[in-house]
$ cat start_23.cif   # mmCIF, C-alpha atoms
data_final
loop_
_atom_site.label_atom_id
_atom_site.label_comp_id
_atom_site.auth_asym_id
_atom_site.auth_seq_id
_atom_site.Cartn_x
_atom_site.Cartn_y
_atom_site.Cartn_z
CA MET F 41 0.73 3.64 -22.73
CA SER F 42 0.63 2.06 -26.18
CA ASP F 43 3.78 1.03 -28.04
CA ASP F 44 3.28 3.97 -30.38
CA GLU F 45 2.82 6.48 -27.58
CA THR F 46 5.88 5.19 -25.79
CA LYS F 47 7.95 6.08 -28.85
CA ILE F 48 6.48 9.56 -28.81
CA LEU F 49 7.44 9.94 -25.16
CA ASP F 50 11.10 9.81 -26.06
CA ARG F 51 10.99 12.80 -28.38
CA PRO F 52 11.51 16.41 -27.18
CA ALA F 53 8.71 18.41 -25.66
CA ALA F 54 6.35 20.56 -27.68
CA GLY F 55 7.90 23.38 -29.63
CA ARG F 56 11.34 21.80 -30.17
CA LYS F 57 12.57 20.86 -33.62
CA PRO F 58 13.85 17.36 -34.23
CA ALA F 59 17.53 16.94 -34.93
CA PRO F 60 18.50 16.87 -38.61
CA GLN F 61 18.55 13.41 -40.12
CA ALA F 62 21.84 11.94 -41.25
CA THR F 63 22.38 11.47 -44.98
CA GLY F 64 22.91 8.14 -46.57
CA GLY F 65 25.92 6.97 -48.53
CA THR F 66 24.43 8.15 -51.82
CA GLY F 67 24.09 11.71 -50.55
CA ALA F 68 20.31 11.62 -50.42
CA ALA F 69 18.53 12.56 -47.24
CA ALA F 70 17.66 9.61 -45.09
CA ALA F 71 14.06 8.53 -45.30
CA ALA F 72 13.56 8.18 -41.56
CA PRO F 73 10.27 9.81 -40.61
CA THR F 74 10.15 12.75 -38.24
CA ALA F 75 7.76 12.89 -35.33
CA PRO F 76 4.69 15.05 -35.91
CA ALA F 77 4.85 18.46 -34.27
CA GLN F 78 2.84 19.00 -31.13
CA PRO F 79 -0.03 21.53 -31.48
CA ALA F 80 0.79 24.97 -30.09
CA TRP F 81 -2.09 24.87 -27.62
CA LEU F 82 -1.00 21.63 -25.99
CA GLY F 83 1.59 23.04 -23.58
CA PRO F 84 -0.67 25.65 -21.90
CA VAL F 85 -3.63 23.27 -21.76
CA LEU F 86 -1.42 20.59 -20.20
CA ILE F 87 -0.36 22.98 -17.45
CA VAL F 88 -3.99 23.84 -16.71
CA GLY F 89 -4.93 20.16 -16.79
CA ILE F 90 -2.10 19.16 -14.45
CA VAL F 91 -3.01 21.88 -11.93
CA LEU F 92 -6.73 21.04 -11.99
CA ALA F 93 -6.06 17.32 -11.65
CA ALA F 94 -3.74 17.91 -8.70
CA LEU F 95 -6.32 20.14 -7.00
CA ASN F 96 -8.71 17.17 -7.03
CA LEU F 97 -6.38 14.54 -5.57
CA ARG F 98 -7.37 15.08 -1.92
CA PRO F 99 -10.72 16.94 -1.50
CA ALA F 100 -12.61 13.63 -1.69
CA ILE F 101 -10.76 12.64 1.49
CA THR F 102 -10.38 15.87 3.45
CA SER F 103 -13.92 17.09 2.77
CA LEU F 104 -15.24 13.85 4.26
CA GLY F 105 -12.92 14.24 7.24
CA ALA F 106 -14.38 17.66 7.94
CA LEU F 107 -17.94 16.27 7.95
CA PHE F 108 -17.22 12.76 9.12
CA GLU F 109 -19.25 12.87 12.31
CA GLU F 110 -22.30 14.21 10.49
CA THR F 111 -21.88 11.66 7.69
CA ARG F 112 -21.46 8.79 10.15
CA THR F 113 -24.60 9.80 12.04
CA GLY F 114 -26.61 10.41 8.87
CA LEU F 115 -25.80 6.98 7.45
CA GLY F 116 -25.98 5.12 10.77
CA MET F 117 -22.43 3.80 10.50
CA SER F 118 -21.08 1.56 13.22
CA GLY F 119 -17.68 2.28 14.70
CA THR F 120 -16.18 -0.60 12.74
CA VAL F 121 -17.51 0.67 9.43
CA ALA F 122 -16.36 4.19 10.24
CA GLY F 123 -12.88 2.87 10.97
CA LEU F 124 -12.91 0.95 7.68
CA ILE F 125 -13.75 4.09 5.72
CA THR F 126 -10.80 5.96 7.23
CA SER F 127 -8.48 3.18 6.04
CA VAL F 128 -9.95 2.91 2.53
CA PRO F 129 -7.98 5.77 0.86
CA ALA F 130 -4.53 4.27 1.38
CA LEU F 131 -5.82 0.81 0.44
CA CYS F 132 -7.40 2.08 -2.79
CA PHE F 133 -4.27 4.04 -3.68
CA ALA F 134 -2.24 0.85 -3.32
CA VAL F 135 -4.62 -1.53 -5.11
CA PHE F 136 -5.71 0.65 -8.02
CA GLY F 137 -2.29 2.27 -8.44
CA VAL F 138 -0.88 -1.12 -9.47
CA THR F 139 -3.17 -1.13 -12.52
CA ALA F 140 -1.90 2.20 -13.84
CA PRO F 141 1.04 0.85 -15.93
CA ARG F 142 -1.11 -1.71 -17.72
CA LEU F 143 -3.87 0.82 -18.44
CA SER F 144 -1.29 3.38 -19.53
CA ARG F 145 0.27 0.96 -22.00
CA ARG F 146 -3.15 0.11 -23.42
CA PHE F 147 -4.77 3.57 -23.64
CA GLY F 148 -2.01 6.12 -23.01
CA PRO F 149 -1.43 8.10 -19.79
CA ALA F 150 -3.45 11.14 -20.85
CA ALA F 151 -6.55 9.06 -21.59
CA VAL F 152 -6.23 7.22 -18.27
CA ILE F 153 -5.93 10.49 -16.33
CA CYS F 154 -8.99 11.81 -18.19
CA ALA F 155 -10.92 8.69 -17.18
CA GLY F 156 -9.54 9.00 -13.65
CA MET F 157 -10.84 12.53 -13.30
CA ALA F 158 -14.21 11.39 -14.63
CA ALA F 159 -14.25 8.63 -12.01
CA VAL F 160 -13.44 11.14 -9.27
CA ALA F 161 -16.31 13.37 -10.40
CA ALA F 162 -18.74 10.44 -10.72
CA GLY F 163 -17.95 9.12 -7.26
CA LEU F 164 -18.33 12.56 -5.69
CA LEU F 165 -21.64 13.05 -7.49
CA ILE F 166 -23.03 9.69 -6.38
CA ARG F 167 -21.95 9.34 -2.76
CA PRO F 168 -24.00 12.23 -1.25
CA PHE F 169 -27.13 10.43 -2.43
CA ALA F 170 -26.16 7.10 -0.88
CA ASP F 171 -28.74 5.74 1.55
CA GLY F 172 -26.41 3.35 3.34
CA ALA F 173 -22.81 2.82 4.35
CA ALA F 174 -22.16 0.20 1.65
CA ALA F 175 -23.29 2.46 -1.20
CA PHE F 176 -21.35 5.37 0.29
CA LEU F 177 -18.22 3.24 0.51
CA ALA F 178 -18.62 2.03 -3.10
CA ALA F 179 -19.01 5.58 -4.44
CA SER F 180 -16.05 6.76 -2.39
CA SER F 181 -13.97 3.87 -3.75
CA LEU F 182 -14.82 4.94 -7.31
CA SER F 183 -13.42 8.41 -6.63
CA LEU F 184 -10.39 6.97 -4.87
CA ALA F 185 -9.68 4.66 -7.82
CA GLY F 186 -9.57 7.68 -10.12
CA ILE F 187 -7.29 9.47 -7.69
CA ALA F 188 -4.98 6.45 -7.48
CA LEU F 189 -4.53 6.31 -11.26
CA THR F 190 -3.88 10.04 -11.47
CA ASN F 191 -1.44 9.86 -8.55
CA VAL F 192 0.70 7.41 -10.49
CA LEU F 193 0.47 8.97 -13.95
CA LEU F 194 0.94 12.69 -13.29
CA PRO F 195 4.72 12.20 -12.85
CA VAL F 196 4.67 10.36 -16.20
CA ILE F 197 2.95 13.28 -17.95
CA VAL F 198 5.51 15.67 -16.45
CA LYS F 199 8.41 13.49 -17.60
CA ARG F 200 6.90 13.12 -21.06
CA TYR F 201 6.01 16.69 -21.94
CA PHE F 202 8.37 18.66 -19.69
CA PRO F 203 11.56 16.55 -19.53
CA ASP F 204 13.80 19.56 -18.84
CA ARG F 205 11.47 21.03 -16.21
CA VAL F 206 10.67 18.04 -14.05
CA GLY F 207 11.38 19.90 -10.80
CA THR F 208 9.40 22.99 -11.71
CA MET F 209 6.36 21.14 -13.01
CA THR F 210 6.40 18.68 -10.12
CA GLY F 211 6.51 21.67 -7.78
CA LEU F 212 3.54 23.23 -9.56
CA TYR F 213 1.29 20.21 -9.20
CA SER F 214 2.55 19.41 -5.69
CA MET F 215 1.62 22.95 -4.69
CA ALA F 216 -1.81 22.52 -6.30
CA LEU F 217 -2.26 19.21 -4.47
CA ALA F 218 -1.40 20.83 -1.13
CA ALA F 219 -3.72 23.73 -1.89
CA GLY F 220 -6.59 21.38 -2.71
CA THR F 221 -5.98 19.45 0.49
CA SER F 222 -5.99 22.58 2.65
CA LEU F 223 -8.90 24.20 0.81
CA ALA F 224 -11.20 21.22 1.28
CA ALA F 225 -10.24 20.85 4.95
CA ALA F 226 -10.75 24.53 5.74
CA ALA F 227 -13.71 25.45 3.53
CA THR F 228 -16.02 22.42 3.69
CA VAL F 229 -17.64 23.21 7.05
CA PRO F 230 -18.29 26.94 6.48
CA LEU F 231 -19.52 26.36 2.93
CA THR F 232 -21.80 23.58 4.17
CA GLY F 233 -23.29 25.99 6.70
CA ALA F 234 -23.76 28.65 4.04
CA LEU F 235 -25.53 26.16 1.76
CA GLY F 236 -28.06 25.01 4.35
CA GLY F 237 -26.10 22.82 6.72
CA SER F 238 -26.64 19.41 5.07
CA TRP F 239 -23.59 17.16 5.00
CA ARG F 240 -24.82 15.81 1.68
CA THR F 241 -24.60 19.26 0.09
CA GLY F 242 -21.23 19.86 1.72
CA LEU F 243 -19.81 16.73 0.08
CA LEU F 244 -21.60 17.22 -3.25
CA MET F 245 -20.11 20.64 -3.98
CA TRP F 246 -16.62 19.18 -4.49
CA ALA F 247 -17.90 17.23 -7.48
CA LEU F 248 -18.09 20.53 -9.37
CA LEU F 249 -14.33 21.05 -9.09
CA ALA F 250 -13.75 17.49 -10.31
CA LEU F 251 -16.04 18.01 -13.32
CA VAL F 252 -14.07 21.11 -14.30
CA ALA F 253 -10.85 19.07 -14.11
CA VAL F 254 -12.14 16.63 -16.75
CA LEU F 255 -12.48 19.33 -19.42
CA PRO F 256 -8.82 20.04 -20.33
CA TRP F 257 -7.97 16.33 -20.39
CA LEU F 258 -10.49 15.63 -23.16
CA PRO F 259 -8.53 17.48 -25.88
CA ILE F 260 -5.21 16.34 -24.38
CA ALA F 261 -6.30 12.70 -24.67
CA ARG F 262 -7.52 13.23 -28.25
CA ALA F 263 -4.23 14.88 -29.24
CA SER F 264 -2.33 12.01 -27.67
CA ARG F 265 -4.28 9.43 -29.67
CA ARG F 266 -3.81 11.41 -32.91
CA ALA F 267 -0.06 11.61 -32.26
CA ALA F 268 0.03 7.84 -31.69
CA ARG F 269 -1.77 7.19 -34.98
CA ALA F 270 0.56 9.56 -36.85
CA GLU F 271 3.60 7.86 -35.37
CA ARG F 272 2.22 4.45 -36.31
CA ALA F 273 1.61 5.58 -39.87
CA ALA F 274 5.10 7.08 -40.13
CA ALA F 275 6.69 3.90 -38.80
CA ALA F 276 4.69 1.76 -41.24
CA GLY F 277 5.66 3.97 -44.17
CA SER F 278 9.35 3.70 -43.36
CA GLY F 279 9.19 -0.06 -42.88
CA GLU F 280 10.08 0.13 -39.19
CA GLY F 281 8.76 -2.63 -37.01
CA GLY F 282 5.93 -1.68 -34.73
CA GLY F 283 6.73 -4.21 -32.10
CA ALA F 284 9.69 -2.56 -30.42
CA ARG F 285 9.81 -3.21 -26.74
CA ALA F 286 10.00 0.50 -25.91
CA ASP F 287 7.49 0.08 -23.15
CA ALA F 288 9.11 -2.90 -21.55
CA GLY F 289 10.84 -0.80 -18.93
CA PRO F 290 13.15 -2.10 -16.24
CA ARG F 291 12.34 -4.86 -13.78
CA ILE F 292 11.55 -2.69 -10.82
CA VAL F 293 11.98 -5.32 -8.12
CA ARG F 294 15.65 -5.66 -9.03
CA SER F 295 16.39 -2.01 -8.26
CA ARG F 296 17.62 -0.98 -4.82
CA THR F 297 16.72 2.62 -5.60
CA ALA F 298 13.12 1.61 -6.41
CA TRP F 299 12.82 -0.20 -3.08
CA ALA F 300 14.37 2.75 -1.24
CA LEU F 301 11.90 5.11 -2.92
CA ALA F 302 8.94 2.85 -2.16
CA CYS F 303 9.83 2.52 1.52
CA TYR F 304 10.64 6.23 1.78
CA PHE F 305 7.26 6.99 0.22
CA GLY F 306 5.57 4.66 2.69
CA LEU F 307 7.19 6.19 5.77
CA GLN F 308 6.53 9.77 4.72
CA ALA F 309 2.90 8.85 3.98
CA THR F 310 2.67 7.21 7.40
CA GLY F 311 3.87 10.42 9.05
CA ALA F 312 1.46 12.53 7.01
CA TYR F 313 -1.57 10.37 7.86
CA ILE F 314 -0.62 10.31 11.53
CA THR F 315 -0.28 14.09 11.53
CA MET F 316 -3.63 14.63 9.82
CA GLY F 317 -5.39 12.14 12.06
CA TRP F 318 -3.85 12.75 15.47
CA LEU F 319 -2.10 16.14 15.71
CA PRO F 320 -5.23 18.05 16.85
CA GLN F 321 -5.83 15.46 19.58
CA ILE F 322 -2.24 15.79 20.78
CA PHE F 323 -2.70 19.53 21.16
CA ARG F 324 -6.12 19.20 22.80
CA ASP F 325 -4.79 16.72 25.35
CA ALA F 326 -2.08 19.27 26.15
CA GLY F 327 -4.72 21.88 27.02
CA VAL F 328 -5.07 23.65 23.68
CA SER F 329 -8.66 24.53 22.75
CA ALA F 330 -10.40 22.53 20.04
CA SER F 331 -10.65 25.52 17.69
CA THR F 332 -6.98 26.39 18.11
CA ALA F 333 -5.98 22.77 17.60
CA GLY F 334 -7.83 22.81 14.28
CA VAL F 335 -6.06 25.99 13.24
CA LEU F 336 -2.71 24.44 14.17
CA LEU F 337 -3.43 21.49 11.90
CA ALA F 338 -4.36 23.92 9.12
CA VAL F 339 -1.03 25.70 9.64
CA THR F 340 0.79 22.38 9.30
CA MET F 341 -1.04 21.57 6.08
CA VAL F 342 -0.73 25.07 4.58
CA MET F 343 3.06 24.93 4.95
CA GLY F 344 2.99 22.44 2.13
CA VAL F 345 1.61 24.95 -0.38
CA PRO F 346 4.66 27.22 -0.92
CA LEU F 347 7.23 24.57 -0.02
CA ALA F 348 5.69 22.05 -2.41
CA PHE F 349 6.64 24.42 -5.20
CA VAL F 350 10.10 25.35 -3.91
CA ILE F 351 11.40 21.90 -2.93
CA PRO F 352 10.97 20.10 -6.29
CA GLY F 353 12.67 22.98 -8.10
CA LEU F 354 15.66 22.81 -5.75
CA ALA F 355 15.76 19.02 -5.95
CA GLY F 356 15.70 19.11 -9.74
CA ARG F 357 18.88 21.21 -9.76
CA MET F 358 20.75 18.86 -7.43
CA LYS F 359 22.53 15.68 -8.45
CA ASN F 360 22.04 14.09 -5.03
CA GLN F 361 18.89 14.86 -3.05
CA GLY F 362 19.86 12.82 0.03
CA LEU F 363 20.81 15.90 2.06
CA MET F 364 17.40 17.44 1.42
CA ALA F 365 15.69 14.25 2.64
CA ALA F 366 17.83 14.31 5.78
CA VAL F 367 17.05 17.99 6.51
CA LEU F 368 13.30 17.42 6.19
CA GLY F 369 13.59 14.47 8.57
CA VAL F 370 15.47 16.57 11.14
CA PHE F 371 12.66 19.15 11.05
CA GLY F 372 10.24 16.35 11.91
CA LEU F 373 12.42 15.00 14.73
CA THR F 374 12.62 18.49 16.23
CA GLY F 375 8.86 18.89 15.98
CA TYR F 376 8.15 15.58 17.72
CA LEU F 377 10.70 16.38 20.43
CA GLY F 378 8.92 19.67 21.01
CA LEU F 379 5.56 17.93 21.25
CA TYR F 380 7.07 15.61 23.85
CA LEU F 381 8.68 18.34 25.99
CA ALA F 382 6.32 21.33 25.67
CA PRO F 383 3.33 20.57 23.42
CA ALA F 384 1.26 23.62 24.39
CA ALA F 385 3.97 26.20 25.03
CA GLY F 386 5.55 25.83 21.61
CA ALA F 387 2.51 24.60 19.71
CA TRP F 388 2.84 27.01 16.78
CA VAL F 389 6.53 26.23 16.33
CA TRP F 390 5.94 22.47 16.39
CA ALA F 391 3.10 22.80 13.87
CA LEU F 392 5.39 24.73 11.52
CA LEU F 393 8.24 22.24 11.88
CA LEU F 394 5.98 19.26 11.16
CA GLY F 395 4.55 21.11 8.17
CA VAL F 396 8.05 21.42 6.74
CA SER F 397 8.78 17.77 7.46
CA ASN F 398 5.62 16.68 5.63
CA CYS F 399 7.08 18.21 2.45
CA ALA F 400 8.87 14.92 1.97
CA PHE F 401 5.92 14.15 -0.32
CA PRO F 402 6.81 16.61 -3.11
CA LEU F 403 10.43 15.52 -2.74
CA VAL F 404 9.64 11.83 -3.28
CA ILE F 405 7.38 12.64 -6.24
CA THR F 406 10.25 14.60 -7.77
CA LEU F 407 12.62 11.70 -7.15
CA ILE F 408 10.30 9.38 -9.07
CA GLY F 409 10.78 11.55 -12.15
CA LEU F 410 14.54 11.84 -11.64
CA ARG F 411 15.40 8.23 -10.84
CA ALA F 412 14.19 6.86 -14.19
CA LYS F 413 15.51 7.73 -17.65
CA SER F 414 12.66 6.50 -19.81
CA PRO F 415 8.95 7.34 -19.64
CA ALA F 416 8.22 3.61 -19.37
CA GLY F 417 10.56 3.50 -16.37
CA VAL F 418 8.75 6.43 -14.75
CA VAL F 419 5.40 4.66 -15.16
CA ARG F 420 6.61 1.52 -13.44
CA LEU F 421 8.61 3.32 -10.77
CA SER F 422 5.68 5.60 -9.93
CA ALA F 423 3.25 2.68 -9.70
CA PHE F 424 5.66 0.56 -7.66
CA ALA F 425 6.74 3.29 -5.25
CA GLN F 426 3.24 4.63 -4.63
CA SER F 427 1.41 1.31 -4.41
CA THR F 428 4.02 -0.25 -2.13
CA GLY F 429 4.31 2.96 -0.14
CA TYR F 430 0.60 3.30 0.51
CA LEU F 431 0.44 -0.33 1.64
CA ILE F 432 3.22 0.41 4.13
CA SER F 433 1.35 3.45 5.42
CA ILE F 434 -1.93 1.68 6.23
CA PRO F 435 -1.09 0.39 9.75
CA GLY F 436 0.54 3.62 11.00
CA PRO F 437 -2.46 5.67 12.21
CA LEU F 438 -4.12 2.52 13.61
CA VAL F 439 -1.00 1.56 15.60
CA ILE F 440 -0.66 5.09 16.98
CA GLY F 441 -4.31 5.05 18.05
CA THR F 442 -3.88 1.70 19.76
CA LEU F 443 -0.77 2.85 21.62
CA TYR F 444 -2.53 6.03 22.70
CA GLN F 445 -5.53 4.10 23.97
CA HIS F 446 -3.56 1.52 25.93
CA SER F 447 -0.80 3.75 27.27
CA GLY F 448 -3.13 6.57 28.26
CA GLY F 449 -0.88 9.30 26.90
CA TRP F 450 1.30 10.48 24.04
CA ASP F 451 4.80 9.63 25.26
CA LEU F 452 4.95 6.20 23.63
CA PRO F 453 3.17 7.20 20.39
CA LEU F 454 5.43 10.23 19.99
CA ALA F 455 8.49 8.05 20.54
CA LEU F 456 7.31 5.74 17.76
CA MET F 457 6.52 8.64 15.44
CA ALA F 458 10.00 10.07 15.96
CA GLY F 459 11.57 6.63 15.64
CA LEU F 460 10.01 6.11 12.20
CA LEU F 461 11.82 9.20 10.96
CA VAL F 462 15.21 7.55 11.46
CA PRO F 463 14.75 4.89 8.75
CA GLN F 464 12.91 7.49 6.65
CA ILE F 465 16.02 9.68 6.65
CA ALA F 466 18.27 6.72 5.81
CA LEU F 467 16.00 5.63 2.95
CA GLY F 468 15.80 9.20 1.65
CA ILE F 469 19.59 9.35 1.49
CA LEU F 470 19.65 6.08 -0.47
CA ALA F 471 16.88 7.18 -2.83
CA GLY F 472 18.56 10.54 -3.38
CA ARG F 473 21.74 9.09 -4.88
CA ASP F 474 22.50 10.07 -8.48
CA ARG F 475 21.53 6.87 -10.27
CA THR F 476 18.62 5.48 -12.26
CA ILE F 477 16.65 2.27 -12.09
CA GLU F 478 17.58 1.49 -15.69
CA ASP F 479 21.27 1.54 -14.80
CA GLU F 480 20.71 -0.67 -11.76
CA CYS F 481 18.71 -3.17 -13.75
CA GLY F 482 21.11 -3.25 -16.69
CA MET F 483 18.58 -1.74 -19.08
CA ARG F 484 19.47 0.43 -22.06
CA ASP F 485 17.86 3.83 -22.56
#
$ encode --input "start_23.cif" --output "structure tokens"
Amino acid sequence: MSDDETKILDRPAAGRKPAPQATGGTGAAAAAPTAPAQPAWLGPVLIVGIVLAALNLRPAITSLGALFEETRTGLGMSGTVAGLITSVPALCFAVFGVTAPRLSRRFGPAAVICAGMAAVAAGLLIRPFADGAAAFLAASSLSLAGIALTNVLLPVIVKRYFPDRVGTMTGLYSMALAAGTSLAAAATVPLTGALGGSWRTGLLMWALLALVAVLPWLPIARASRRAARAERAAAAGSGEGGGARADAGPRIVRSRTAWALACYFGLQATGAYITMGWLPQIFRDAGVSASTAGVLLAVTMVMGVPLAFVIPGLAGRMKNQGLMAAVLGVFGLTGYLGLYLAPAAGAWVWALLLGVSNCAFPLVITLIGLRAKSPAGVVRLSAFAQSTGYLISIPGPLVIGTLYQHSGGWDLPLALMAGLLVPQIALGILAGRDRTIEDECGMRD
């Protein structure tokens, strides 16, 4: 975000009056300028924009997963290229997420999210018309770049405009994200059949949802720029310097909490990608039918919809969220133990338990907003935790697949999956402690 917008971030949310200004020694009112009031429409439009953006953070991935075999055949992809495409999302999230703080400082977070949603829509519009794997991969990467930027900056928007409702608003967009994930996974195949059966049409239809998501961010971005100009004019009129280092933020790499959050994010993402990629195969190898295995995966993913709203709200009311991280990890350990001992007999129970465990994602997103005091700190913490975390998650599904192939069964992969939850729990307890990265780095508010 710009220097001017960073100053605006520190004022109360829309609708609140600024505190009265102190009077000077002569008895006259101080001449310090007051921040311009936010327009009345901004709050409701922001909520709509946040929900629509969150709905579009996963359909580009899960819709392709539902039609991957048809897409691979239609484009003549080799096995190597197909494997590369499955690894691209996490890589793009890591690489493009790093650029979010710099872009946010230059253009403001709202404008970057608006551009991100436009990139998502453009990529989804282009890739169904690709005539080769390279063009398809490039268009997909465009969408994933937009998703990466929005991933990082949505917590910043929540912290900026809803500072007293971080848990509630994080829960709202986490629930929308989970709903978008499940909707695209469940609806892509039947809608494709209803629209003629072409995989190109099945992928193209999700561009419409992304186009709708751009609309509310256009006025939000304009309002943000107007507020920045008004703040700059007020600062110039009062003689205040415009070069304050409000956006400097803490040095993230010096914070133990930031590293704990990044590694916690990476391990929970690893578990989520492993679940999405391999859980149906685990059930099928245990004798469960293919259709039932798909439903079981849908149950696991759908669990995230209500819990993604509940967990951030609870976390926001707690001073220490370590216990919550530990409880979610225990649910996952129980689910993996069940898959090891009786995968078919208790399939529905294990699917539910793993669905609860996967709700570590809304928890870690909430922690990003809670573990930084300043909006500039949230930007850097979000970018650092998500980019580092997604890099950590890349090898997980590939390692599990290799172990499965060479061991000929699921005993060793399940042991590894359960073993990864142990450090995840420990890191969640560390990240949940009541402290901020600014305090750890010796930064002032």
$ residues_around --input "start_23.cif" --residues "range 432-437 of chain F" --least-positions-apart "2" --cutoff "10 Å" --atoms "only C-alpha atoms" --output "MDAnalysis selection string"
chainID F and resid 126:131 134 302:318 426:430 439:443 456:457 460
$ resolve_selection --input "start_23.cif" --expression "the PyMOL selection byres ((chain F and resi 337) around 10)" --output "MDAnalysis selection string"
chainID F and resid 222 225 315:320 323 332:336 338:342 388 391:392 394:395
$ write_last_selection --input "start_23.cif" --atoms "C-alpha atoms" --output "compact mmCIF listing (two decimals), in the frame of the given file"
# COMPACT_ATOMS: atom_id res chain seq x y z
CA SER F 222 -5.99 22.58 2.65
CA ALA F 225 -10.24 20.85 4.95
CA THR F 315 -0.28 14.09 11.53
CA MET F 316 -3.63 14.63 9.82
CA GLY F 317 -5.39 12.14 12.06
CA TRP F 318 -3.85 12.75 15.47
CA LEU F 319 -2.10 16.14 15.71
CA PRO F 320 -5.23 18.05 16.85
CA PHE F 323 -2.70 19.53 21.16
CA THR F 332 -6.98 26.39 18.11
CA ALA F 333 -5.98 22.77 17.60
CA GLY F 334 -7.83 22.81 14.28
CA VAL F 335 -6.06 25.99 13.24
CA LEU F 336 -2.71 24.44 14.17
CA ALA F 338 -4.36 23.92 9.12
CA VAL F 339 -1.03 25.70 9.64
CA THR F 340 0.79 22.38 9.30
CA MET F 341 -1.04 21.57 6.08
CA VAL F 342 -0.73 25.07 4.58
CA TRP F 388 2.84 27.01 16.78
CA ALA F 391 3.10 22.80 13.87
CA LEU F 392 5.39 24.73 11.52
CA LEU F 394 5.98 19.26 11.16
CA GLY F 395 4.55 21.11 8.17
$ closest_residue --input "start_23.cif" --among "F:Gly344, F:Gly375, F:Gly211, F:Pro149" --to "Arg265 in chain F" --atoms "all atoms listed in the file"
F:Pro149
$ resolve_selection --input "start_23.cif" --expression "the PyMOL selection byres ((chain F and resi 184-186) around 7)" --output "list in words"
Pro129, Cys132, Phe133, Phe136, Gly156, Met157, Ala159, Val160, Ser180, Ser181, Leu182, Ser183, Ile187, Ala188, Leu189 and Thr190 of chain F
$ residues_around --input "start_23.cif" --residues "Leu115 in chain F" --least-positions-apart "5" --cutoff "8 Å" --atoms "only C-alpha atoms" --output "ChimeraX atom specification"
/F:171-173
$ write_last_selection --input "start_23.cif" --atoms "C-alpha atoms" --output "compact mmCIF listing (two decimals), keeping the file's coordinate frame"
# COMPACT_ATOMS: atom_id res chain seq x y z
CA ASP F 171 -28.74 5.74 1.55
CA GLY F 172 -26.41 3.35 3.34
CA ALA F 173 -22.81 2.82 4.35
$ atom_distance --input "start_23.cif" --atom1 "CA of Pro141 in chain F" --atom2 "CA of Cys154 in chain F"
15.0 Å
$ atom_distance --input "start_23.cif" --atom1 "CA of Gly233 in chain F" --atom2 "CA of Ala178 in chain F"
26.3 Å
$ resolve_selection --input "start_23.cif" --expression "the PyMOL selection byres ((chain F and resi 197) around 10)" --output "list in words"
Leu49, Leu86, Ile90, Pro149, Ala150, Ile153, Thr190, Val192, Leu193, Leu194, Pro195, Val196, Val198, Lys199, Arg200, Tyr201, Phe202, Pro203, Val206, Met209, Gly409, Pro415, Val418 and Val419 of chain F
$ write_last_selection --input "start_23.cif" --atoms "C-alpha atoms" --output "tab-separated table (two decimals), in the frame of the given file"
chain	number	residue	atom	x	y	z
F	49	LEU	CA	7.44	9.94	-25.16
F	86	LEU	CA	-1.42	20.59	-20.20
F	90	ILE	CA	-2.10	19.16	-14.45
F	149	PRO	CA	-1.43	8.10	-19.79
F	150	ALA	CA	-3.45	11.14	-20.85
F	153	ILE	CA	-5.93	10.49	-16.33
F	190	THR	CA	-3.88	10.04	-11.47
F	192	VAL	CA	0.70	7.41	-10.49
F	193	LEU	CA	0.47	8.97	-13.95
F	194	LEU	CA	0.94	12.69	-13.29
F	195	PRO	CA	4.72	12.20	-12.85
F	196	VAL	CA	4.67	10.36	-16.20
F	198	VAL	CA	5.51	15.67	-16.45
F	199	LYS	CA	8.41	13.49	-17.60
F	200	ARG	CA	6.90	13.12	-21.06
F	201	TYR	CA	6.01	16.69	-21.94
F	202	PHE	CA	8.37	18.66	-19.69
F	203	PRO	CA	11.56	16.55	-19.53
F	206	VAL	CA	10.67	18.04	-14.05
F	209	MET	CA	6.36	21.14	-13.01
F	409	GLY	CA	10.78	11.55	-12.15
F	415	PRO	CA	8.95	7.34	-19.64
F	418	VAL	CA	8.75	6.43	-14.75
F	419	VAL	CA	5.40	4.66	-15.16
$ closest_residue --input "start_23.cif" --among "F:Ala455, F:Leu177, F:Ile465, F:Leu223" --to "Leu381 in chain F" --atoms "only C-alpha atoms"
F:Ala455
$ atom_distance --input "start_23.cif" --atom1 "CA of Val367 in chain F" --atom2 "CA of Ala423 in chain F"
26.2 Å
$ residues_around --input "start_23.cif" --residues "Ala366 in chain F" --least-positions-apart "6" --cutoff "12 Å" --atoms "all atoms listed in the file" --output "number ranges by chain"
F: 304, 360, 372-373, 397, 399-400, 403, 461-472
$ closest_residue --input "start_23.cif" --among "F:Ala219, F:Ile292, F:Ala106, F:Leu454" --to "Ala416 in chain F" --atoms "all atoms listed in the file"
F:Ile292
$ residues_around --input "start_23.cif" --residues "Lys413 in chain F" --least-positions-apart "3" --cutoff "9 Å" --atoms "only C-alpha atoms" --output "short mmCIF file (atom, residue, chain, number, x, y, z; two decimals) with C-alpha atoms, in the frame of the given file"
data_model
loop_
_atom_site.label_atom_id
_atom_site.label_comp_id
_atom_site.auth_asym_id
_atom_site.auth_seq_id
_atom_site.Cartn_x
_atom_site.Cartn_y
_atom_site.Cartn_z
CA GLY F 409 10.78 11.55 -12.15
CA LEU F 410 14.54 11.84 -11.64
CA ALA F 416 8.22 3.61 -19.37
CA GLY F 417 10.56 3.50 -16.37
CA VAL F 418 8.75 6.43 -14.75
CA THR F 476 18.62 5.48 -12.26
CA ILE F 477 16.65 2.27 -12.09
CA GLU F 478 17.58 1.49 -15.69
CA ASP F 479 21.27 1.54 -14.80
CA ASP F 485 17.86 3.83 -22.56
#
